[in-house]
Amino acid sequence: MTTEIQIYGRGRMPPRLEQRLSDHFTLHCDAAPAPSGDWFARHGDQIRGMTNASAAPLTGALMDRLPKLEIISGLGVGYDGIDVAAARARGIIVTHTPDVLNADVANYALLLLLAASRDLLFQDAYARSGRWARDGQAPLTSTLEGRSIGIVGLGRIGRTLAKKLEIFGGPILYHGRREQPEVPYEFCPDLCEMARRCTALILCLPGGAGTDRLIGTKVLDALGPEGILVNVARGSVVDQPALIAALEEGRLGRAALDVFEEEPAVPQTLCDSDRVILSPHAASATVETRTAMFDLTADNLIAHFRDGAPKTPVPECRDMIRR
Ligand code: NDP
């Protein structure tokens with residue numbers, strides 16, 4: 001390996017990733033989603049690999065400004081922000097960081113579910129504000145024991161979560177584009193029907209055109225005034241205005257949201273609602289999991305330039321790997 005290989009680090013580069021890449025390559029960092037024309041004029045035709053630590057869309061137009069680009073190493077398992085078809089058309093391999101984050105994202109979904117169902121933020125405020133001493137015990141909440149819980153997207157994270165949900169002893173249902181006969185959970189091809197039967201829906205599916213606003217008024221109404229929506233997937237999967245309306249009108253019980261339509265913006269109505277738990281896209285944000293993600297992002301670039309075999313290409317690019 002030679003440090004003469006030039007890599008473009010797009011977005012705010014985490015120090016560990018920056019260090020790992022600098023150990024192997026010449027790294028050009030730029031926190032802006034698209035560097036200046038000047039930068040492209042100086043470096044564009046030398047860049048052979050890039051990492052994407054930015055949530056801004058990575059388009060074919062940007063790839064065109066990097067004519068020698070061979071590989072985009074995405075930081076994260078979701079790659080809805082990267083135009084993979086455009087990359088493929090230019091012979092560029094896209095990689096991502098699957099599996100290493102399953103446990104922490106699933107744990108976070110569980111945390112959000114429990115916090116929403118037991119109204120943890122209210123309980124915390126109740127104890128802090130002195131209302132406990134003044135008004136006595138806080139109102140009762142509802143149990144999750146034995147309740148039906150639905151997972152939308154039973155993939156790597158969804159299956160990890162399902163296993164953890166078994167502790168509640170209730171039915172676990174899932175919705176996706178196909179049944180998975182090997183799992184011990186009930187497949188529901190009809191999302192509304194599943195929502196109707198469940199106390200909580202947990203979203204674990206990818207963003208992008210195929211899932212855009214999949215969760216709209218019909219699904220939210222089916223989940224109902226006692227229902228809980230947990231989203232650790234992507235903001236685009238939920239019709240956010242429909243969600244806000246359902247919460248405001250009491251047609252949906254609670255929502256616990258780690259992701260939003262226009263991150264990092266969070267609509268004021270959601271901030272003001274006491275039926276919502278908000279989180280700043282933090283489901284994978286532990287030191288241990290992020291370190292594993294940074295390392296896999298770096299390892300994909302290193303493996304590509306060492307022997308043409310990045311470790312975790314996205315499924316659409318698997319056939320592009322030489323060995
Ligand atoms: P996987 O690809 O392993 O699983 C995704 C699942 O979604 C698949 O089982 C798939 O099942 C299902 N799915 C895909 N398209 C649809 C559709 N149109 N309708 C219904 N189901 C669908 O991905 P991961 O589990 O590794 O990750 C899932 C997503 O979680 C990521 O793409 C990312 O967006 C999000 N994520 C969020 C994080 C956060 O910090 N909040 C952290 C990590 C991930 P089938 O093929 O049967 O339809």
# chains A, B, ... in the order shown; residues from 1 in each chain; ligands from 1
>>> select_by_dssp(residues="range 43-164 of chain A", states="strand (DSSP E)", output="PyMOL selection string")
chain A and resi 47-52+71-74+93-95+149-152
>>> closest_atom_pairs(of="range 86-138 of chain A", to="range 162-184 of chain A", cutoff="9 Å", atoms="only C-alpha atoms", output="tab-separated table")
residue	atom	partner	partner_atom	distance
A:Ala106	CA	A:Lys164	CA	7.9
A:Asn107	CA	A:Lys164	CA	8.0
A:Leu110	CA	A:Leu165	CA	7.6
>>> write_last_selection(atoms="N, CA, C and O atoms", output="CSV table (one decimal), in the first residue's frame")
chain,number,residue,atom,x,y,z
A,106,ALA,N,-30.4,-1.9,18.0
A,106,ALA,CA,-31.6,-2.6,18.6
A,106,ALA,C,-31.8,-2.3,20.0
A,106,ALA,O,-32.9,-2.1,20.5
A,107,ASN,N,-30.7,-2.1,20.8
A,107,ASN,CA,-30.9,-1.7,22.2
A,107,ASN,C,-31.5,-0.3,22.3
A,107,ASN,O,-32.3,-0.1,23.2
A,110,LEU,N,-35.2,-0.5,21.7
A,110,LEU,CA,-35.8,-1.1,22.9
A,110,LEU,C,-35.9,0.0,24.0
A,110,LEU,O,-37.0,0.2,24.7
>>> closest_atom_pairs(of="chain A", to="ligand 1", cutoff="8 Å", atoms="only C-alpha atoms and all ligand atoms", output="CSV")
residue,atom,partner,partner_atom_place_in_ligand_line,distance
A:Gly76,CA,ligand 1,43 (C),6.4
A:Val77,CA,ligand 1,44 (C),5.4
A:Gly78,CA,ligand 1,32 (O),3.6
A:Tyr79,CA,ligand 1,32 (O),6.7
A:Asp80,CA,ligand 1,34 (O),7.2
A:Pro98,CA,ligand 1,26 (O),5.3
A:Asp99,CA,ligand 1,26 (O),6.2
A:Leu101,CA,ligand 1,43 (C),6.4
A:Asn102,CA,ligand 1,26 (O),6.8
A:Val105,CA,ligand 1,42 (C),5.7
A:Val152,CA,ligand 1,21 (N),5.9
A:Gly153,CA,ligand 1,7 (O),3.4
A:Leu154,CA,ligand 1,9 (O),4.0
A:Gly155,CA,ligand 1,4 (O),3.2
A:Arg156,CA,ligand 1,25 (O),3.9
A:Ile157,CA,ligand 1,25 (O),3.8
A:Gly158,CA,ligand 1,25 (O),5.6
A:Arg159,CA,ligand 1,25 (O),7.7
A:His175,CA,ligand 1,20 (C),6.0
A:Gly176,CA,ligand 1,21 (N),3.5
A:Arg177,CA,ligand 1,48 (O),3.5
A:Arg178,CA,ligand 1,47 (O),4.2
A:Glu179,CA,ligand 1,47 (O),6.4
A:Gln180,CA,ligand 1,47 (O),7.2
A:Leu203,CA,ligand 1,30 (O),8.0
A:Cys204,CA,ligand 1,30 (O),4.9
A:Leu205,CA,ligand 1,7 (O),3.7
A:Pro206,CA,ligand 1,32 (O),3.3
A:Gly207,CA,ligand 1,34 (O),5.2
A:Gly210,CA,ligand 1,18 (N),4.9
A:Thr211,CA,ligand 1,18 (N),4.6
A:Leu214,CA,ligand 1,19 (N),7.6
A:Asn231,CA,ligand 1,41 (N),7.5
A:Val232,CA,ligand 1,41 (N),4.1
A:Ala233,CA,ligand 1,35 (C),3.9
A:Arg234,CA,ligand 1,34 (O),5.1
A:Asp258,CA,ligand 1,41 (N),5.7
A:Val259,CA,ligand 1,41 (N),6.0
A:His281,CA,ligand 1,40 (O),5.0
A:Ala282,CA,ligand 1,40 (O),5.2
A:Ala283,CA,ligand 1,40 (O),4.0
A:Ser284,CA,ligand 1,40 (O),4.8
A:Ala285,CA,ligand 1,40 (O),7.1
>>> atom_distance(atom1="CA of Asp104 in chain A", atom2="CA of Thr286 in chain A")
7.5 Å
>>> select_by_dssp(residues="range 7-213 of chain A", states="alpha helix (DSSP H)", output="PyMOL selection string")
chain A and resi 15-24+37-43+60-64+84-89+102-117+120-128+131-135+156-165+191-197
>>> residues_around(residues="Val84 in chain A", least_positions_apart="6", cutoff="12 Å", atoms="only C-alpha atoms", output="MDAnalysis selection string")
chainID A and resid 57:60 63 71:74 78 90:96 208 313:318
>>> write_last_selection(atoms="N, CA and C atoms", output="tab-separated table (two decimals), in the first residue's frame")
chain	number	residue	atom	x	y	z
A	57	PRO	N	-26.88	14.36	0.05
A	57	PRO	CA	-26.91	13.40	-1.06
A	57	PRO	C	-25.59	13.36	-1.82
A	58	LEU	N	-25.19	12.16	-2.18
A	58	LEU	CA	-23.97	12.00	-2.97
A	58	LEU	C	-24.41	11.63	-4.38
A	59	THR	N	-24.30	12.60	-5.28
A	59	THR	CA	-24.92	12.47	-6.61
A	59	THR	C	-23.90	12.09	-7.68
A	60	GLY	N	-24.45	11.72	-8.84
A	60	GLY	CA	-23.61	11.44	-10.01
A	60	GLY	C	-22.81	12.68	-10.41
A	63	MET	N	-19.76	12.75	-8.42
A	63	MET	CA	-18.84	11.68	-8.89
A	63	MET	C	-18.14	12.11	-10.18
A	71	ILE	N	-13.97	3.93	-5.57
A	71	ILE	CA	-14.74	3.38	-4.45
A	71	ILE	C	-15.25	4.50	-3.54
A	72	ILE	N	-16.51	4.34	-3.10
A	72	ILE	CA	-17.10	5.22	-2.08
A	72	ILE	C	-17.33	4.36	-0.85
A	73	SER	N	-16.64	4.66	0.23
A	73	SER	CA	-16.80	3.88	1.45
A	73	SER	C	-17.74	4.65	2.38
A	74	GLY	N	-18.98	4.23	2.42
A	74	GLY	CA	-19.99	4.92	3.22
A	74	GLY	C	-19.84	4.59	4.69
A	78	GLY	N	-26.96	2.37	6.30
A	78	GLY	CA	-27.92	2.92	5.34
A	78	GLY	C	-27.18	3.71	4.28
A	90	ARG	N	-20.67	4.36	-13.35
A	90	ARG	CA	-19.31	4.92	-13.52
A	90	ARG	C	-18.24	3.92	-13.07
A	91	GLY	N	-18.65	2.70	-12.76
A	91	GLY	CA	-17.70	1.67	-12.33
A	91	GLY	C	-17.19	1.87	-10.91
A	92	ILE	N	-17.92	2.66	-10.12
A	92	ILE	CA	-17.49	2.96	-8.74
A	92	ILE	C	-18.21	2.00	-7.78
A	93	ILE	N	-17.43	1.34	-6.93
A	93	ILE	CA	-18.00	0.43	-5.93
A	93	ILE	C	-18.44	1.23	-4.71
A	94	VAL	N	-19.60	0.88	-4.16
A	94	VAL	CA	-20.07	1.52	-2.92
A	94	VAL	C	-20.03	0.47	-1.81
A	95	THR	N	-19.49	0.85	-0.65
A	95	THR	CA	-19.50	-0.05	0.51
A	95	THR	C	-20.21	0.62	1.68
A	96	HIS	N	-20.58	-0.18	2.67
A	96	HIS	CA	-21.25	0.35	3.86
A	96	HIS	C	-20.79	-0.43	5.10
A	208	GLY	N	-35.02	5.74	1.27
A	208	GLY	CA	-34.92	5.70	-0.20
A	208	GLY	C	-36.28	5.62	-0.86
A	313	PRO	N	-19.23	-4.59	0.43
A	313	PRO	CA	-19.90	-3.80	-0.61
A	313	PRO	C	-21.41	-3.83	-0.38
A	314	VAL	N	-22.12	-2.80	-0.82
A	314	VAL	CA	-23.59	-2.85	-0.75
A	314	VAL	C	-24.06	-3.94	-1.72
A	315	PRO	N	-25.22	-4.55	-1.48
A	315	PRO	CA	-25.64	-5.67	-2.33
A	315	PRO	C	-25.60	-5.36	-3.84
A	316	GLU	N	-25.96	-4.14	-4.21
A	316	GLU	CA	-26.00	-3.78	-5.63
A	316	GLU	C	-24.62	-3.78	-6.28
A	317	CYS	N	-23.55	-3.77	-5.47
A	317	CYS	CA	-22.19	-3.69	-6.03
A	317	CYS	C	-21.39	-4.97	-5.82
A	318	ARG	N	-22.03	-6.00	-5.25
A	318	ARG	CA	-21.25	-7.22	-4.94
A	318	ARG	C	-20.62	-7.83	-6.18
>>> residues_around(residues="Leu301 in chain A", least_positions_apart="6", cutoff="10 Å", atoms="only C-alpha atoms", output="list of chain:residue names")
A:Ile7, A:Leu21, A:His24, A:Phe25, A:Arg48, A:Gly49, A:Met50, A:Thr51, A:Glu70, A:Ile71, A:Ile72, A:Ser73, A:Thr95, A:Gly308, A:Ala309, A:Pro310, A:Lys311
>>> write_last_selection(atoms="C-alpha atoms", output="CSV table (one decimal), in the first residue's frame")
chain,number,residue,atom,x,y,z
A,7,ILE,CA,-8.7,9.8,-0.6
A,21,LEU,CA,-7.0,6.7,6.7
A,24,HIS,CA,-2.5,4.5,4.7
A,25,PHE,CA,-3.4,7.2,2.3
A,48,ARG,CA,-9.3,7.4,-6.2
A,49,GLY,CA,-11.4,6.7,-3.1
A,50,MET,CA,-13.7,8.6,-0.8
A,51,THR,CA,-15.5,8.2,2.5
A,70,GLU,CA,-13.0,3.8,-7.8
A,71,ILE,CA,-14.7,3.4,-4.5
A,72,ILE,CA,-17.1,5.2,-2.1
A,73,SER,CA,-16.8,3.9,1.5
A,95,THR,CA,-19.5,0.0,0.5
A,308,GLY,CA,-9.4,-5.2,-5.0
A,309,ALA,CA,-11.8,-6.9,-2.4
A,310,PRO,CA,-13.5,-4.4,-0.1
A,311,LYS,CA,-15.1,-6.3,2.8
>>> residues_around(residues="Asp221 in chain A", least_positions_apart="6", cutoff="8 Å", atoms="only C-alpha atoms", output="JSON, numbers by chain")
{"A": [246, 251, 252]}
>>> write_last_selection(atoms="N, CA, C and O atoms", output="PDB file, in the first residue's frame")
ATOM      1  N   ALA A 246     -51.514  13.223  13.507  1.00  0.00           N
ATOM      2  CA  ALA A 246     -52.078  12.087  14.268  1.00  0.00           C
ATOM      3  C   ALA A 246     -51.815  12.257  15.763  1.00  0.00           C
ATOM      4  O   ALA A 246     -52.684  11.958  16.595  1.00  0.00           O
ATOM      5  N   ARG A 251     -54.981  10.685  17.552  1.00  0.00           N
ATOM      6  CA  ARG A 251     -55.252   9.434  16.818  1.00  0.00           C
ATOM      7  C   ARG A 251     -54.107   8.434  16.987  1.00  0.00           C
ATOM      8  O   ARG A 251     -54.255   7.262  16.690  1.00  0.00           O
ATOM      9  N   LEU A 252     -52.936   8.947  17.418  1.00  0.00           N
ATOM     10  CA  LEU A 252     -51.796   8.072  17.715  1.00  0.00           C
ATOM     11  C   LEU A 252     -51.377   8.346  19.158  1.00  0.00           C
ATOM     12  O   LEU A 252     -51.382   9.506  19.597  1.00  0.00           O
TER      13      LEU A 252
END
>>> decode(residues="range 204-237 of chain A", atoms="N, CA and C atoms", output="mmCIF file, in the first residue's frame")
data_model
loop_
_atom_site.group_PDB
_atom_site.id
_atom_site.type_symbol
_atom_site.label_atom_id
_atom_site.label_comp_id
_atom_site.auth_asym_id
_atom_site.auth_seq_id
_atom_site.Cartn_x
_atom_site.Cartn_y
_atom_site.Cartn_z
ATOM 1 N N CYS A 204 -37.443 -0.464 11.160
ATOM 2 C CA CYS A 204 -36.030 -0.873 11.013
ATOM 3 C C CYS A 204 -35.697 -1.105 9.543
ATOM 4 N N LEU A 205 -36.337 -0.356 8.647
ATOM 5 C CA LEU A 205 -36.128 -0.611 7.220
ATOM 6 C C LEU A 205 -35.312 0.513 6.595
ATOM 7 N N PRO A 206 -34.803 0.310 5.383
ATOM 8 C CA PRO A 206 -33.970 1.360 4.778
ATOM 9 C C PRO A 206 -34.801 2.547 4.302
ATOM 10 N N GLY A 207 -34.134 3.697 4.156
ATOM 11 C CA GLY A 207 -34.758 4.843 3.506
ATOM 12 C C GLY A 207 -34.642 4.686 1.994
ATOM 13 N N GLY A 208 -35.023 5.742 1.267
ATOM 14 C CA GLY A 208 -34.919 5.703 -0.195
ATOM 15 C C GLY A 208 -36.280 5.623 -0.856
ATOM 16 N N ALA A 209 -36.249 5.601 -2.197
ATOM 17 C CA ALA A 209 -37.494 5.711 -2.970
ATOM 18 C C ALA A 209 -38.495 4.594 -2.636
ATOM 19 N N GLY A 210 -38.003 3.378 -2.390
ATOM 20 C CA GLY A 210 -38.890 2.238 -2.181
ATOM 21 C C GLY A 210 -39.687 2.281 -0.883
ATOM 22 N N THR A 211 -39.266 3.111 0.062
ATOM 23 C CA THR A 211 -39.944 3.134 1.372
ATOM 24 C C THR A 211 -40.435 4.537 1.738
ATOM 25 N N ASP A 212 -40.365 5.462 0.783
ATOM 26 C CA ASP A 212 -40.690 6.854 1.062
ATOM 27 C C ASP A 212 -42.123 7.000 1.611
ATOM 28 N N ARG A 213 -42.239 7.546 2.816
ATOM 29 C CA ARG A 213 -43.536 7.807 3.465
ATOM 30 C C ARG A 213 -44.442 6.567 3.515
ATOM 31 N N LEU A 214 -43.790 5.416 3.698
ATOM 32 C CA LEU A 214 -44.547 4.166 3.827
ATOM 33 C C LEU A 214 -45.507 4.240 5.019
ATOM 34 N N ILE A 215 -45.065 4.934 6.070
ATOM 35 C CA ILE A 215 -45.897 5.058 7.264
ATOM 36 C C ILE A 215 -46.649 6.381 7.173
ATOM 37 N N GLY A 216 -47.895 6.302 6.722
ATOM 38 C CA GLY A 216 -48.740 7.491 6.574
ATOM 39 C C GLY A 216 -49.981 7.386 7.444
ATOM 40 N N THR A 217 -50.953 8.232 7.133
ATOM 41 C CA THR A 217 -52.161 8.331 7.961
ATOM 42 C C THR A 217 -52.830 6.973 8.202
ATOM 43 N N LYS A 218 -52.925 6.163 7.142
ATOM 44 C CA LYS A 218 -53.650 4.881 7.289
ATOM 45 C C LYS A 218 -52.983 3.979 8.329
ATOM 46 N N VAL A 219 -51.654 3.883 8.245
ATOM 47 C CA VAL A 219 -50.927 3.009 9.191
ATOM 48 C C VAL A 219 -51.010 3.603 10.594
ATOM 49 N N LEU A 220 -50.852 4.919 10.705
ATOM 50 C CA LEU A 220 -50.879 5.564 12.022
ATOM 51 C C LEU A 220 -52.254 5.410 12.666
ATOM 52 N N ASP A 221 -53.299 5.572 11.870
ATOM 53 C CA ASP A 221 -54.658 5.398 12.408
ATOM 54 C C ASP A 221 -54.896 3.940 12.820
ATOM 55 N N ALA A 222 -54.301 3.020 12.060
ATOM 56 C CA ALA A 222 -54.456 1.596 12.414
ATOM 57 C C ALA A 222 -53.740 1.304 13.736
ATOM 58 N N LEU A 223 -52.625 1.965 13.968
ATOM 59 C CA LEU A 223 -51.887 1.779 15.233
ATOM 60 C C LEU A 223 -52.711 2.338 16.399
ATOM 61 N N GLY A 224 -53.306 3.492 16.166
ATOM 62 C CA GLY A 224 -54.354 3.970 17.066
ATOM 63 C C GLY A 224 -53.939 4.792 18.271
ATOM 64 N N PRO A 225 -54.921 5.271 19.018
ATOM 65 C CA PRO A 225 -54.684 6.221 20.118
ATOM 66 C C PRO A 225 -53.878 5.660 21.282
ATOM 67 N N GLU A 226 -53.779 4.337 21.382
ATOM 68 C CA GLU A 226 -52.938 3.748 22.428
ATOM 69 C C GLU A 226 -51.604 3.274 21.854
ATOM 70 N N GLY A 227 -51.438 3.411 20.549
ATOM 71 C CA GLY A 227 -50.277 2.823 19.871
ATOM 72 C C GLY A 227 -49.015 3.669 19.996
ATOM 73 N N ILE A 228 -47.879 2.988 19.840
ATOM 74 C CA ILE A 228 -46.571 3.651 19.936
ATOM 75 C C ILE A 228 -45.807 3.405 18.631
ATOM 76 N N LEU A 229 -45.272 4.478 18.063
ATOM 77 C CA LEU A 229 -44.417 4.353 16.883
ATOM 78 C C LEU A 229 -42.973 4.647 17.290
ATOM 79 N N VAL A 230 -42.070 3.708 16.986
ATOM 80 C CA VAL A 230 -40.642 3.926 17.245
ATOM 81 C C VAL A 230 -39.933 3.938 15.893
ATOM 82 N N ASN A 231 -39.178 4.993 15.622
ATOM 83 C CA ASN A 231 -38.463 5.054 14.347
ATOM 84 C C ASN A 231 -36.957 5.175 14.565
ATOM 85 N N VAL A 232 -36.248 4.072 14.276
ATOM 86 C CA VAL A 232 -34.781 4.124 14.261
ATOM 87 C C VAL A 232 -34.287 3.874 12.832
ATOM 88 N N ALA A 233 -35.174 4.061 11.849
ATOM 89 C CA ALA A 233 -34.811 3.757 10.455
ATOM 90 C C ALA A 233 -34.325 5.022 9.740
ATOM 91 N N ARG A 234 -35.229 5.684 9.062
ATOM 92 C CA ARG A 234 -34.952 6.948 8.391
ATOM 93 C C ARG A 234 -36.200 7.819 8.488
ATOM 94 N N GLY A 235 -35.989 9.142 8.578
ATOM 95 C CA GLY A 235 -37.115 10.069 8.649
ATOM 96 C C GLY A 235 -38.017 9.975 7.426
ATOM 97 N N SER A 236 -37.415 9.677 6.269
ATOM 98 C CA SER A 236 -38.177 9.631 5.012
ATOM 99 C C SER A 236 -39.226 8.528 4.997
ATOM 100 N N VAL A 237 -39.079 7.541 5.863
ATOM 101 C CA VAL A 237 -39.999 6.405 5.875
ATOM 102 C C VAL A 237 -41.376 6.810 6.426
#
